[in-house]
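Student: Once you've had a glance at the structure underneath, I'll fire off some questions.
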Amino acid sequence: MALSKLKKVDLREEWKHEAADFTNWLAQDENLQLLSEEIGIDISLVQTEASVGKFSVDILAEEDNTGRKIVVENQLEMTNHDHLGKIITYASGFDAEIVIWIVKDVRDEHKQAVDWLNEHTDDKINIFAIRMELWQIGDSPYAPKFHIVSKPNDWAKAIKKSALRSSDLSDRKLMQLEFWTQFKEYASAHTSTLRLRKAYPQHWYDISIGNAKSHLSLVVDADNEQIRCEFYIPDSKPLFKALRDTKDTIDSKLPHELEWMELEGKKASRIRTIHTIDFADNANWEASFQWLMDTAQQFQSVFTEQLKKMKI
């Protein structure tokens, strides 16, 4: 078999102008999704060229499910002090909690600066320095690749947050944070189709499926020795009832016993399945990761297909 060579392409071959070409390309849903998958944060566009006083940020966005503000600054050149100052200005102007600096390459001193900011700010501030790459095989179309050069350290930030509040995270919270951190690493290593997000010291882990009215929620319940996968609807009883009308179809496509929980008197509804396992025993973690990843991917496939048919 004849093999072709992988060739790196200069960014300006595809995007002559940062604002007119690259920013408009990145603002498209499918390209923001590529960025989302790389950094593990679900990004929804709010506006391009959003004003901050006399300046404008390339992309203003927000995180699905949380609404946290995201600013994206593009620089198809090497990093410089001017753009480092701009991203701080934009973050403060929009009270953004996530900053993404996309560049041709990162100078060592600027990587050090971003690392320092991530280490010395609380868990509300998260800064990514990302090298943009274009690759080609033979005469194929160019393939974009986001390469993370610097990113927040979720574990260190959680520990710092607890120290600043003068109270340590409980042993259970530390275990939950470590569990979800390792789950995210496990799913990434196994090329999961899930939109993996930042891990937090809590008993649940939410996953966006690209629908504003619903998402997946993975749950660890140490008291009852359970792990659960849920299709969670925060505030739409009509959506739950519409899905329940197709209950037989959904039940037949999923290899799990489902609980359909309308939760009368509450805004939320859920459809879930339960697996009994003692997640407090670290020896069971890999089996838990496998079940959660496989089940979530099955839920994602079946429910997103159903939502598309319903045009919801």
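Ligands are numbered from 1 in the order shown, residues from 1 within each chain, and chains are lettered A, B, ... in the order they appear in the structure tokens.
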Determine, for each residue of segment 197-282 of chain A having at least one atom at most 12 Å from an atom of segment 171-177 of chain A, the closest pair of atoms and their separation in Å to one decimal, counting only C-alpha atoms; order by chain and ascending number, as CSV.
Tutor:
residue,atom,partner,partner_atom,distance
A:Lys198,CA,A:Leu177,CA,10.0
A:Ala199,CA,A:Leu177,CA,6.3
A:Tyr200,CA,A:Leu177,CA,5.4
A:Pro201,CA,A:Leu177,CA,4.1
A:Gln202,CA,A:Gln176,CA,5.8
A:His203,CA,A:Gln176,CA,6.1
A:Trp204,CA,A:Gln176,CA,8.6
A:Tyr205,CA,A:Gln176,CA,9.8
A:Leu218,CA,A:Gln176,CA,11.9
A:Val219,CA,A:Gln176,CA,10.1
A:Val220,CA,A:Gln176,CA,8.1
A:Asp221,CA,A:Gln176,CA,10.0
A:Ala222,CA,A:Arg172,CA,9.0
A:Asp223,CA,A:Arg172,CA,10.9
A:Phe279,CA,A:Gln176,CA,9.7
A:Ala280,CA,A:Met175,CA,8.0
A:Asp281,CA,A:Met175,CA,10.3
A:Asn282,CA,A:Met175,CA,9.5
Student: Can you tell me, as an MDAnalysis selection string, what residues are no more than 7 Å from Val99 of chain A when counting only C-alpha atoms, ignoring any on the same chain fewer than 4 positions away?
Tutor: chainID A and resid 70:72 91 126:128
Student: Please, what distance in Å, to one decimal, runs between atom CA of Leu196 of chain A and atom CA of Ala19 of chain A?
Tutor: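 Atom-to-atom, atom CA of Leu196 of chain A and atom CA of Ala19 of chain A are spaced 28.6 Å apart.
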Student: From the DSSP assignment of the backbone, select every residue of segment 132-230 of chain A that is strand (DSSP E or B), and format the answer as a ChimeraX atom specification.
Tutor: /A:132-137,143-150,204-207,215-221,226-230
Student: With N, CA, C and O atoms retained, could you export that selection as a CSV table (one decimal), in the first residue's frame?
Tutor:
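This is the output file selection-v5.csv:
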chain,number,residue,atom,x,y,z
A,132,MET,N,-3.1,26.9,16.7
A,132,MET,CA,-3.9,26.5,15.5
A,132,MET,C,-3.0,25.9,14.5
A,132,MET,O,-1.9,26.4,14.1
A,133,GLU,N,-3.4,24.7,14.0
A,133,GLU,CA,-2.6,24.1,13.0
A,133,GLU,C,-3.5,23.7,11.8
A,133,GLU,O,-4.7,23.4,11.9
A,134,LEU,N,-2.9,23.6,10.6
A,134,LEU,CA,-3.6,23.1,9.4
A,134,LEU,C,-2.7,22.0,8.8
A,134,LEU,O,-1.5,22.1,8.7
A,135,TRP,N,-3.3,20.8,8.5
A,135,TRP,CA,-2.6,19.7,7.9
A,135,TRP,C,-3.2,19.2,6.6
A,135,TRP,O,-4.4,19.4,6.4
A,136,GLN,N,-2.4,18.6,5.8
A,136,GLN,CA,-2.9,18.1,4.5
A,136,GLN,C,-2.2,16.8,4.2
A,136,GLN,O,-1.0,16.6,4.5
A,137,ILE,N,-2.9,15.8,3.6
A,137,ILE,CA,-2.3,14.6,3.2
A,137,ILE,C,-2.4,14.6,1.6
A,137,ILE,O,-3.5,14.6,1.1
A,143,ALA,N,-7.0,20.2,6.8
A,143,ALA,CA,-7.6,19.7,8.1
A,143,ALA,C,-7.2,20.5,9.3
A,143,ALA,O,-6.0,20.6,9.5
A,144,PRO,N,-8.1,21.2,10.0
A,144,PRO,CA,-7.7,22.0,11.1
A,144,PRO,C,-7.5,21.2,12.3
A,144,PRO,O,-8.1,20.1,12.5
A,145,LYS,N,-6.6,21.6,13.2
A,145,LYS,CA,-6.3,20.9,14.4
A,145,LYS,C,-6.0,22.0,15.5
A,145,LYS,O,-5.1,22.8,15.3
A,146,PHE,N,-6.7,21.9,16.6
A,146,PHE,CA,-6.4,22.8,17.8
A,146,PHE,C,-5.5,22.0,18.7
A,146,PHE,O,-5.8,20.9,19.1
A,147,HIS,N,-4.4,22.6,19.1
A,147,HIS,CA,-3.4,22.0,20.0
A,147,HIS,C,-3.3,22.8,21.2
A,147,HIS,O,-2.8,23.9,21.2
A,148,ILE,N,-3.7,22.2,22.4
A,148,ILE,CA,-3.6,23.0,23.6
A,148,ILE,C,-2.2,23.1,24.1
A,148,ILE,O,-1.5,22.0,24.3
A,149,VAL,N,-1.7,24.3,24.3
A,149,VAL,CA,-0.4,24.5,24.8
A,149,VAL,C,-0.4,24.8,26.3
A,149,VAL,O,0.5,24.3,27.1
A,150,SER,N,-1.4,25.5,26.8
A,150,SER,CA,-1.6,25.8,28.2
A,150,SER,C,-3.0,25.7,28.6
A,150,SER,O,-3.9,26.2,27.8
A,204,TRP,N,-22.4,14.7,40.4
A,204,TRP,CA,-23.0,14.6,39.1
A,204,TRP,C,-22.0,15.2,38.0
A,204,TRP,O,-21.1,16.1,38.4
A,205,TYR,N,-22.1,14.8,36.8
A,205,TYR,CA,-21.3,15.3,35.7
A,205,TYR,C,-22.2,15.5,34.5
A,205,TYR,O,-22.7,14.5,33.9
A,206,ASP,N,-22.5,16.8,34.1
A,206,ASP,CA,-23.4,17.0,33.0
A,206,ASP,C,-22.7,17.0,31.6
A,206,ASP,O,-21.5,17.4,31.5
A,207,ILE,N,-23.4,16.5,30.6
A,207,ILE,CA,-22.9,16.4,29.3
A,207,ILE,C,-23.9,17.0,28.3
A,207,ILE,O,-25.0,16.6,28.3
A,215,HIS,N,-30.1,17.7,28.6
A,215,HIS,CA,-28.7,17.2,28.6
A,215,HIS,C,-28.6,15.9,29.3
A,215,HIS,O,-29.6,15.4,29.9
A,216,LEU,N,-27.5,15.3,29.2
A,216,LEU,CA,-27.2,14.0,29.9
A,216,LEU,C,-26.6,14.4,31.3
A,216,LEU,O,-25.9,15.4,31.4
A,217,SER,N,-26.9,13.6,32.3
A,217,SER,CA,-26.3,13.8,33.6
A,217,SER,C,-25.8,12.4,34.1
A,217,SER,O,-26.6,11.5,34.2
A,218,LEU,N,-24.6,12.3,34.4
A,218,LEU,CA,-24.0,11.1,35.0
A,218,LEU,C,-23.9,11.3,36.5
A,218,LEU,O,-23.6,12.4,37.0
A,219,VAL,N,-24.3,10.3,37.3
A,219,VAL,CA,-24.4,10.5,38.8
A,219,VAL,C,-23.6,9.4,39.5
A,219,VAL,O,-23.7,8.2,39.1
A,220,VAL,N,-22.9,9.7,40.5
A,220,VAL,CA,-22.4,8.7,41.4
A,220,VAL,C,-23.0,8.9,42.8
A,220,VAL,O,-23.1,10.0,43.3
A,221,ASP,N,-23.5,7.8,43.3
A,221,ASP,CA,-24.3,7.8,44.6
A,221,ASP,C,-23.6,6.8,45.5
A,221,ASP,O,-23.9,5.6,45.5
A,226,GLN,N,-24.5,3.2,43.8
A,226,GLN,CA,-25.0,3.2,42.5
A,226,GLN,C,-24.3,4.2,41.6
A,226,GLN,O,-23.7,5.2,42.1
A,227,ILE,N,-24.3,4.0,40.4
A,227,ILE,CA,-24.0,5.0,39.4
A,227,ILE,C,-25.2,5.0,38.4
A,227,ILE,O,-25.8,4.0,38.2
A,228,ARG,N,-25.4,6.2,37.9
A,228,ARG,CA,-26.6,6.4,37.1
A,228,ARG,C,-26.3,7.2,35.8
A,228,ARG,O,-25.5,8.1,35.8
A,229,CYS,N,-27.1,7.0,34.8
A,229,CYS,CA,-27.1,7.8,33.6
A,229,CYS,C,-28.5,8.3,33.4
A,229,CYS,O,-29.4,7.6,33.4
A,230,GLU,N,-28.6,9.7,33.2
A,230,GLU,CA,-29.9,10.3,33.1
A,230,GLU,C,-30.0,11.2,31.9
A,230,GLU,O,-29.1,11.9,31.5
Student: Taking 3 positions as the minimum chain separation for residues in the same chain, which residues sit within 12 Å of Leu26 of chain A when counting only C-alpha atoms? Answer as an NGL selection string.
Tutor: :A and (15 or 18-23 or 29-36 or 43-45 or 47-48 or 58-61 or 72-74 or 102 or 132 or 144-146)
Student: Generate a file of the selected residues that holds C-alpha atoms, formatted as a PDB file, in the first residue's frame.
Tutor:
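Everything below was put into out10.pdb:
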ATOM      1  CA  TRP A  15      -7.145  32.369   6.176  1.00  0.00           C
ATOM      2  CA  GLU A  18      -7.894  37.078  10.959  1.00  0.00           C
ATOM      3  CA  ALA A  19     -11.248  38.843  11.341  1.00  0.00           C
ATOM      4  CA  ALA A  20     -12.774  38.436   7.885  1.00  0.00           C
ATOM      5  CA  ASP A  21     -11.606  34.874   7.319  1.00  0.00           C
ATOM      6  CA  PHE A  22     -10.523  33.004  10.444  1.00  0.00           C
ATOM      7  CA  THR A  23     -12.984  34.491  12.956  1.00  0.00           C
ATOM      8  CA  ASP A  29     -21.261  25.851  14.673  1.00  0.00           C
ATOM      9  CA  GLU A  30     -19.312  22.882  13.350  1.00  0.00           C
ATOM     10  CA  ASN A  31     -15.975  24.632  13.935  1.00  0.00           C
ATOM     11  CA  LEU A  32     -16.851  25.820  17.430  1.00  0.00           C
ATOM     12  CA  GLN A  33     -17.766  22.185  18.055  1.00  0.00           C
ATOM     13  CA  LEU A  34     -14.226  21.128  17.067  1.00  0.00           C
ATOM     14  CA  LEU A  35     -12.861  23.622  19.581  1.00  0.00           C
ATOM     15  CA  SER A  36     -15.368  22.443  22.205  1.00  0.00           C
ATOM     16  CA  ILE A  43     -19.263  26.588  23.438  1.00  0.00           C
ATOM     17  CA  SER A  44     -22.252  28.476  22.026  1.00  0.00           C
ATOM     18  CA  LEU A  45     -21.729  31.620  19.972  1.00  0.00           C
ATOM     19  CA  GLN A  47     -21.560  37.453  19.000  1.00  0.00           C
ATOM     20  CA  THR A  48     -18.515  38.144  16.854  1.00  0.00           C
ATOM     21  CA  ASP A  58     -13.151  38.379  18.175  1.00  0.00           C
ATOM     22  CA  ILE A  59     -15.753  36.001  19.619  1.00  0.00           C
ATOM     23  CA  LEU A  60     -18.017  36.293  22.643  1.00  0.00           C
ATOM     24  CA  ALA A  61     -19.609  32.978  23.575  1.00  0.00           C
ATOM     25  CA  VAL A  72     -11.977  34.025  22.221  1.00  0.00           C
ATOM     26  CA  GLU A  73      -9.098  36.074  20.850  1.00  0.00           C
ATOM     27  CA  ASN A  74      -7.546  34.992  17.546  1.00  0.00           C
ATOM     28  CA  ILE A 102      -5.823  30.950  19.599  1.00  0.00           C
ATOM     29  CA  MET A 132      -3.887  26.523  15.541  1.00  0.00           C
ATOM     30  CA  PRO A 144      -7.739  22.015  11.098  1.00  0.00           C
ATOM     31  CA  LYS A 145      -6.260  20.932  14.428  1.00  0.00           C
ATOM     32  CA  PHE A 146      -6.413  22.755  17.761  1.00  0.00           C
TER      33      PHE A 146
END
Student: Run DSSP on the backbone of this structure and report the residues of segment 148-290 of chain A it assigns to helix (DSSP H, G or I), as a PyMOL selection string.
Tutor: chain A and resi 154-164+171-189+237-244+247-253+282-290
Student: Show me, as a VMD selection string, the residues that have an atom within 10 Å of Phe299 of chain A when counting only C-alpha atoms, minus same-chain residues fewer than 4 positions from it.
Tutor: chain A and resid 209 216 229 to 231 250 253 to 254 256 271 to 273 293 to 295 303 to 305
Student: Have a look at A:Val57, A:Ala187, A:Met78, A:Ala96 and name the one nearest to Glu37 of chain A; count only C-alpha atoms.
Tutor: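 Result for the nearest residue to Glu37 of chain A: A:Ala187.
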Student: Kindly indicate which residue among A:His120, A:His190, A:His17, A:Arg131 lies nearest to Glu286 of chain A, using only C-alpha atoms for the distances.
Tutor: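 Nearest candidate to Glu286 of chain A out of A:His120, A:His190, A:His17, A:Arg131: A:His190.
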Student: Could you tell me how far atom CA of Trp285 of chain A lies from atom CA of Leu258 of chain A, in Å and to one decimal?
Tutor: 23.0 Å
